[in-house]
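Visitor: Questions regarding the structure given below will be posed in turn.
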Amino acid sequence: MRIPGRGASLSVAAALLLTGCWTGAGGAGSGGDSINVLMVNNPQMTALQKLTPDHFTKRTGIKVNFTVLPENDVRDKISQDFAHQAGQYDVATLSNYEIPIYARNGWLHAMDTYLAHDPAYDEKDVLGPMRESLTGDDGRLYGQPFYGESSFLMYRKDLLAAHGLTMPQRPTWTQVADLAAQLDGAEPGMKGICLRGLPGWGEVMAPLTTVVNTFGGTWFDKDWKARLDSPEWNRAVTFYVDLVREHGESGAAQSGFAECLNNMTQGKTALWYDATSAAGSLEAADSPVRGKIGYAPAPVEKTDASGWLYTWAWGIEKASHNADKAWQFIFWASGKEYERLVGEQIGWADVPAGKRSSTYANPQYRRSAAAFQEMTREAIEAARPNDPGVQQRPAPGIQFVGIPEFTDLGTKVSQEISAAIAGRQSVEAALTKAQRLADQVSEEYEGR
């Protein structure tokens, strides 16, 4: 599906320039035998940073200068540098949301030529949904996945067993809320569930939008009319806010993926709905909860499935002066060799999976990741980015809307939702403001 909005995307770039956010092309760009990589601070990325000097730089002579930032911060920095082609970074972690948009605006190097000359990379081994999500309107590939993910429910199976509770094979959100209530306080200081509440279109709005989808809501209908004031949105958001306020983590309005991962690892929460990529950390050799976690499909209400589709992928900035060296890094970081390295050096459960068929055929990975690997792959392959709800959509995306304006819209709406989670306003007040914000986007698209 072609996503409209090129002009709007370019206007975002212009707005960044006018606000003084751009540092200009005179920044500390890479050169010679070094490249600059800007990436998110997820555990898999920080492991890559530690392994790079001894296992990539020593062999290739290419020094990699990493800038590692939290998700919201890294998105802002990437958008500034790539929109203006400042050339400060050669490679950045981009998602399947940004890559088609950035490719359309000419901000990325296509990777087809590199793939044609490097058959050992084995592009056909990359899972189909991942390849498709990183392909531009012209049919060319503009990104390579570092890891792929969907979403599922993680739970303390030992606690459910101790309390005589059973996780349904395909749980509904109503059932999850009931379990969260029963497990609240199951151990001293333990809460029933952890759900993201941190503002950010890629933070609270990611899980919440999947809840909206399965409750029957949508950001926009097929004619681009905003629907955030619909009864379905109200029910979904009210459910989410009530659940996290009544049985969720303390400080929920400031809790994102990292905070919920920490809570689950430390035994502070019984249930957690989030990215499938979290399982590798929960099942790591040094994890206090290793072997105690069960995994269930993303909870549903009105849809058959509700898991999202996401990848942190590598993109090469068009303005890079070291694109060839950038590709060498990507070849290594997204290749089979790196997965083997992680398996041998850190542990097979920690492999950045969700992107290659061969990973799921590897006996060592299958043994180490037995608790979650099959469910992860099934969730990725079942994701339906073009049809995630109960009605037609005007643009692709499960946990986001694939238009340039969603970065700003999703972030502003997330701030209203987070305020409701914090108890600073009602859900009704939050959605009234959110609808006004979405109406402004509707005006740009209606009639196209």
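Following the order of the structure tokens, first chain is A, next is B, and so on, with residues numbered from 1 inside each chain and ligands from 1 in the order they appear.
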Please provide as a PDB file with C-alpha atoms, in the first residue's frame all residues within 12 Å of A:Gly61, with the sequence filter that same-chain residues fewer than 3 positions apart are discarded (counting only C-alpha atoms).
Guide:
```pdb
ATOM      1  CA  GLY A  32      38.510   7.541   6.913  1.00  0.00           C
ATOM      2  CA  ASP A  33      38.379   4.220   8.701  1.00  0.00           C
ATOM      3  CA  SER A  34      35.592   5.090  11.133  1.00  0.00           C
ATOM      4  CA  ILE A  35      31.819   5.282  11.016  1.00  0.00           C
ATOM      5  CA  THR A  52      32.134  -4.616  18.146  1.00  0.00           C
ATOM      6  CA  PRO A  53      35.763  -3.661  18.968  1.00  0.00           C
ATOM      7  CA  ASP A  54      37.071  -7.218  19.294  1.00  0.00           C
ATOM      8  CA  HIS A  55      34.917  -8.922  16.688  1.00  0.00           C
ATOM      9  CA  PHE A  56      34.378  -6.315  13.971  1.00  0.00           C
ATOM     10  CA  THR A  57      36.952  -3.538  14.266  1.00  0.00           C
ATOM     11  CA  LYS A  58      39.944  -5.853  14.760  1.00  0.00           C
ATOM     12  CA  VAL A  64      32.675   2.300  15.126  1.00  0.00           C
ATOM     13  CA  LYS A 325      32.011   0.805   5.386  1.00  0.00           C
ATOM     14  CA  GLN A 328      30.214  -3.785   6.119  1.00  0.00           C
ATOM     15  CA  PHE A 329      29.042  -3.020   9.651  1.00  0.00           C
TER      16      PHE A 329
END
```
Visitor: Please identify every residue of stretch 310-389 of chain A that has at least one atom no farther than 12 Å from an atom of stretch 393-417 of chain A, counting only C-alpha atoms, and for each give the shortest atom pair and the distance in Å to one decimal, arranged by chain then increasing number, as CSV.
Guide:
```
residue,atom,partner,partner_atom,distance
A:Tyr310,CA,A:Gln399,CA,8.7
A:Ile380,CA,A:Ile398,CA,11.8
A:Ala382,CA,A:Ile398,CA,11.8
A:Ala383,CA,A:Ile398,CA,8.1
A:Arg384,CA,A:Ile398,CA,7.3
A:Pro385,CA,A:Gly397,CA,4.6
A:Asn386,CA,A:Pro396,CA,4.7
A:Asp387,CA,A:Arg393,CA,7.0
A:Pro388,CA,A:Ile398,CA,5.7
A:Gly389,CA,A:Arg393,CA,8.3
```
Visitor: Show me, as JSON lines, the residues of stretch 182-266 of chain A having an atom within 6 Å of stretch 436-445 of chain A, each with the closest atom pair and its distance in Å, using only C-alpha atoms.
Guide:
```
{"residue": "A:Trp224", "atom": "CA", "partner": "A:Ser442", "partner_atom": "CA", "distance": 5.5}
{"residue": "A:Lys225", "atom": "CA", "partner": "A:Ser442", "partner_atom": "CA", "distance": 5.7}
{"residue": "A:Ala226", "atom": "CA", "partner": "A:Ala438", "partner_atom": "CA", "distance": 5.7}
```
Visitor: How would the residues just picked look written out with N, CA and C atoms as an mmCIF file, in the first residue's frame?
Guide:
```cif
data_model
loop_
_atom_site.group_PDB
_atom_site.id
_atom_site.type_symbol
_atom_site.label_atom_id
_atom_site.label_comp_id
_atom_site.auth_asym_id
_atom_site.auth_seq_id
_atom_site.Cartn_x
_atom_site.Cartn_y
_atom_site.Cartn_z
ATOM 1 N N TRP A 224 -10.215 8.742 6.178
ATOM 2 C CA TRP A 224 -9.334 9.630 6.935
ATOM 3 C C TRP A 224 -10.053 10.470 7.981
ATOM 4 N N LYS A 225 -11.227 10.075 8.373
ATOM 5 C CA LYS A 225 -11.900 10.783 9.464
ATOM 6 C C LYS A 225 -11.346 10.278 10.798
ATOM 7 N N ALA A 226 -10.915 11.188 11.645
ATOM 8 C CA ALA A 226 -10.351 10.813 12.943
ATOM 9 C C ALA A 226 -11.427 10.211 13.829
#
```
Visitor: Do you know which residues are at most 9 Å from A:Trp312 counting only C-alpha atoms, after dropping those on the same chain fewer than 6 positions away, and could you put them as a PDB file with C-alpha atoms, in the first residue's frame?
Guide:
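Contents of around.pdb, as written:
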```pdb
ATOM      1  CA  VAL A  40      18.647   2.994  20.781  1.00  0.00           C
ATOM      2  CA  THR A  93      18.568   2.339  14.121  1.00  0.00           C
ATOM      3  CA  LEU A  94      15.334   2.990  12.269  1.00  0.00           C
ATOM      4  CA  SER A  95      12.076   1.118  12.514  1.00  0.00           C
ATOM      5  CA  ASN A  96       9.651  -0.164   9.914  1.00  0.00           C
ATOM      6  CA  GLN A 144      18.179  -4.516   7.307  1.00  0.00           C
ATOM      7  CA  PRO A 145      16.689  -5.757  10.581  1.00  0.00           C
ATOM      8  CA  PHE A 146      18.873  -6.099  13.651  1.00  0.00           C
ATOM      9  CA  TYR A 147      16.035  -7.866  15.395  1.00  0.00           C
ATOM     10  CA  GLY A 148      12.334  -8.247  14.784  1.00  0.00           C
ATOM     11  CA  GLU A 149       9.496  -8.464  17.210  1.00  0.00           C
TER      12      GLU A 149
END
```
Visitor: Determine which residues of stretch 221-305 of chain A receive a DSSP assignment of strand (DSSP E), computed from the backbone, and state them as a VMD selection string.
Guide: chain A and resid 269 to 275 293 to 297
Visitor: Convert the current residue selection to file output with N, CA and C atoms, as a CSV table (one decimal), in the first residue's frame.
Guide:
```
chain,number,residue,atom,x,y,z
A,269,THR,N,6.5,-7.6,39.3
A,269,THR,CA,5.3,-7.7,38.6
A,269,THR,C,5.0,-9.1,38.1
A,270,ALA,N,3.7,-9.4,38.1
A,270,ALA,CA,3.3,-10.8,37.7
A,270,ALA,C,3.0,-11.0,36.3
A,271,LEU,N,2.5,-9.9,35.6
A,271,LEU,CA,2.1,-10.0,34.2
A,271,LEU,C,2.8,-8.8,33.5
A,272,TRP,N,3.1,-9.0,32.2
A,272,TRP,CA,3.6,-7.8,31.4
A,272,TRP,C,3.2,-8.1,30.0
A,273,TYR,N,2.6,-7.1,29.4
A,273,TYR,CA,2.3,-7.2,27.9
A,273,TYR,C,3.2,-6.2,27.2
A,274,ASP,N,4.1,-6.7,26.3
A,274,ASP,CA,5.0,-5.9,25.6
A,274,ASP,C,5.7,-6.7,24.5
A,275,ALA,N,6.8,-6.2,24.1
A,275,ALA,CA,7.6,-6.7,22.9
A,275,ALA,C,8.1,-8.1,23.2
A,293,ILE,N,9.0,-17.8,33.7
A,293,ILE,CA,8.1,-17.0,32.8
A,293,ILE,C,7.3,-17.9,31.8
A,294,GLY,N,6.0,-17.6,31.7
A,294,GLY,CA,5.2,-18.2,30.6
A,294,GLY,C,4.9,-17.2,29.6
A,295,TYR,N,4.6,-17.6,28.4
A,295,TYR,CA,4.3,-16.7,27.3
A,295,TYR,C,3.0,-17.0,26.6
A,296,ALA,N,2.1,-16.0,26.4
A,296,ALA,CA,0.8,-16.2,25.8
A,296,ALA,C,0.7,-15.2,24.7
A,297,PRO,N,-0.2,-15.5,23.7
A,297,PRO,CA,-0.4,-14.5,22.6
A,297,PRO,C,-0.9,-13.1,23.1
```
Visitor: In stretch 226-306 of chain A, what's alpha helix (DSSP H) per DSSP? Answer as an MDAnalysis selection string?
Guide: chainID A and resid 231:247 257:265 278:282
Visitor: Would you save the residues of that selection, restricted to C-alpha atoms, as a PDB file, in the first residue's frame?
Guide:
```
ATOM      1  CA  PRO A 231     -16.930   4.723  22.029  1.00  0.00           C
ATOM      2  CA  GLU A 232     -14.343   2.078  21.098  1.00  0.00           C
ATOM      3  CA  TRP A 233     -11.441   4.393  21.900  1.00  0.00           C
ATOM      4  CA  ASN A 234     -13.089   5.427  25.132  1.00  0.00           C
ATOM      5  CA  ARG A 235     -13.602   1.821  26.233  1.00  0.00           C
ATOM      6  CA  ALA A 236     -10.067   0.787  25.278  1.00  0.00           C
ATOM      7  CA  VAL A 237      -8.307   3.715  26.933  1.00  0.00           C
ATOM      8  CA  THR A 238     -10.517   3.586  30.025  1.00  0.00           C
ATOM      9  CA  PHE A 239      -9.753  -0.124  30.344  1.00  0.00           C
ATOM     10  CA  TYR A 240      -5.993   0.436  29.946  1.00  0.00           C
ATOM     11  CA  VAL A 241      -5.825   3.402  32.330  1.00  0.00           C
ATOM     12  CA  ASP A 242      -7.971   1.707  34.990  1.00  0.00           C
ATOM     13  CA  LEU A 243      -5.952  -1.505  34.770  1.00  0.00           C
ATOM     14  CA  VAL A 244      -2.568   0.144  35.174  1.00  0.00           C
ATOM     15  CA  ARG A 245      -3.813   2.508  37.900  1.00  0.00           C
ATOM     16  CA  GLU A 246      -5.478  -0.250  39.923  1.00  0.00           C
ATOM     17  CA  HIS A 247      -3.045  -3.129  39.472  1.00  0.00           C
ATOM     18  CA  PHE A 257       9.803  -0.756  28.044  1.00  0.00           C
ATOM     19  CA  ALA A 258      13.026  -0.520  30.072  1.00  0.00           C
ATOM     20  CA  GLU A 259      11.232   0.076  33.367  1.00  0.00           C
ATOM     21  CA  CYS A 260       8.771  -2.789  32.843  1.00  0.00           C
ATOM     22  CA  LEU A 261      11.610  -5.122  31.859  1.00  0.00           C
ATOM     23  CA  ASN A 262      13.403  -4.195  35.055  1.00  0.00           C
ATOM     24  CA  ASN A 263      10.243  -4.756  37.123  1.00  0.00           C
ATOM     25  CA  MET A 264       9.611  -8.170  35.589  1.00  0.00           C
ATOM     26  CA  THR A 265      13.223  -9.252  35.974  1.00  0.00           C
ATOM     27  CA  ALA A 278      11.988  -8.856  26.015  1.00  0.00           C
ATOM     28  CA  ALA A 279      11.962 -12.635  26.390  1.00  0.00           C
ATOM     29  CA  GLY A 280      15.649 -12.951  25.595  1.00  0.00           C
ATOM     30  CA  SER A 281      16.512 -10.808  28.620  1.00  0.00           C
ATOM     31  CA  LEU A 282      14.046 -12.621  30.877  1.00  0.00           C
TER      32      LEU A 282
END
```
Visitor: Sort by chain and increasing residue number a table of all residues of stretch 113-202 of chain A within 7 Å of stretch 248-253 of chain A, each with its closest pair of atoms and their distance in Å to one decimal, counting only C-alpha atoms, and write it as a Markdown table.
Guide:
```
| residue | atom | partner | partner_atom | distance |
| --- | --- | --- | --- | --- |
| A:Lys191 | CA | A:Gly248 | CA | 5.8 |
| A:Gly192 | CA | A:Gly248 | CA | 6.0 |
| A:Ile193 | CA | A:Gly248 | CA | 4.8 |
| A:Cys194 | CA | A:Gly248 | CA | 5.2 |
| A:Leu195 | CA | A:Gly248 | CA | 6.8 |
| A:Arg196 | CA | A:Ala252 | CA | 6.8 |
| A:Gly197 | CA | A:Ala253 | CA | 4.3 |
| A:Leu198 | CA | A:Ala253 | CA | 5.1 |
```
Visitor: Keeping C-alpha atoms for every residue in the selection just given, could you write it to a file as an mmCIF file, in the first residue's frame?
Guide:
```
data_model
loop_
_atom_site.group_PDB
_atom_site.id
_atom_site.type_symbol
_atom_site.label_atom_id
_atom_site.label_comp_id
_atom_site.auth_asym_id
_atom_site.auth_seq_id
_atom_site.Cartn_x
_atom_site.Cartn_y
_atom_site.Cartn_z
ATOM 1 C CA LYS A 191 1.965 -5.628 41.367
ATOM 2 C CA GLY A 192 -0.426 -7.516 39.133
ATOM 3 C CA ILE A 193 0.729 -6.124 35.788
ATOM 4 C CA CYS A 194 3.158 -3.746 34.125
ATOM 5 C CA LEU A 195 1.989 -1.653 31.156
ATOM 6 C CA ARG A 196 3.800 1.236 29.509
ATOM 7 C CA GLY A 197 2.634 4.704 30.507
ATOM 8 C CA LEU A 198 5.644 6.756 29.434
#
```
Visitor: So, with only C-alpha atoms as the atoms that count, which of A:Asn41, A:Ser306, A:Gln373, A:Thr276 lies closest to A:Asn213?
Guide: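 Of the candidates, the smallest distance to A:Asn213 is held by A:Ser306.
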Visitor: Looking at only C-alpha atoms, which of A:Gln80, A:Pro199, A:Val37, A:Arg75 is the one that sits closest to A:Gln49?
Guide: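 Result for the nearest residue to A:Gln49: A:Val37.
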Visitor: May I ask which of the residues A:Asp324, A:Asp122, A:Asp304, A:Asp81 is the closest one to A:Thr214, counting only C-alpha atoms?
Guide: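 Nearest candidate to A:Thr214 out of A:Asp324, A:Asp122, A:Asp304, A:Asp81: A:Asp304.
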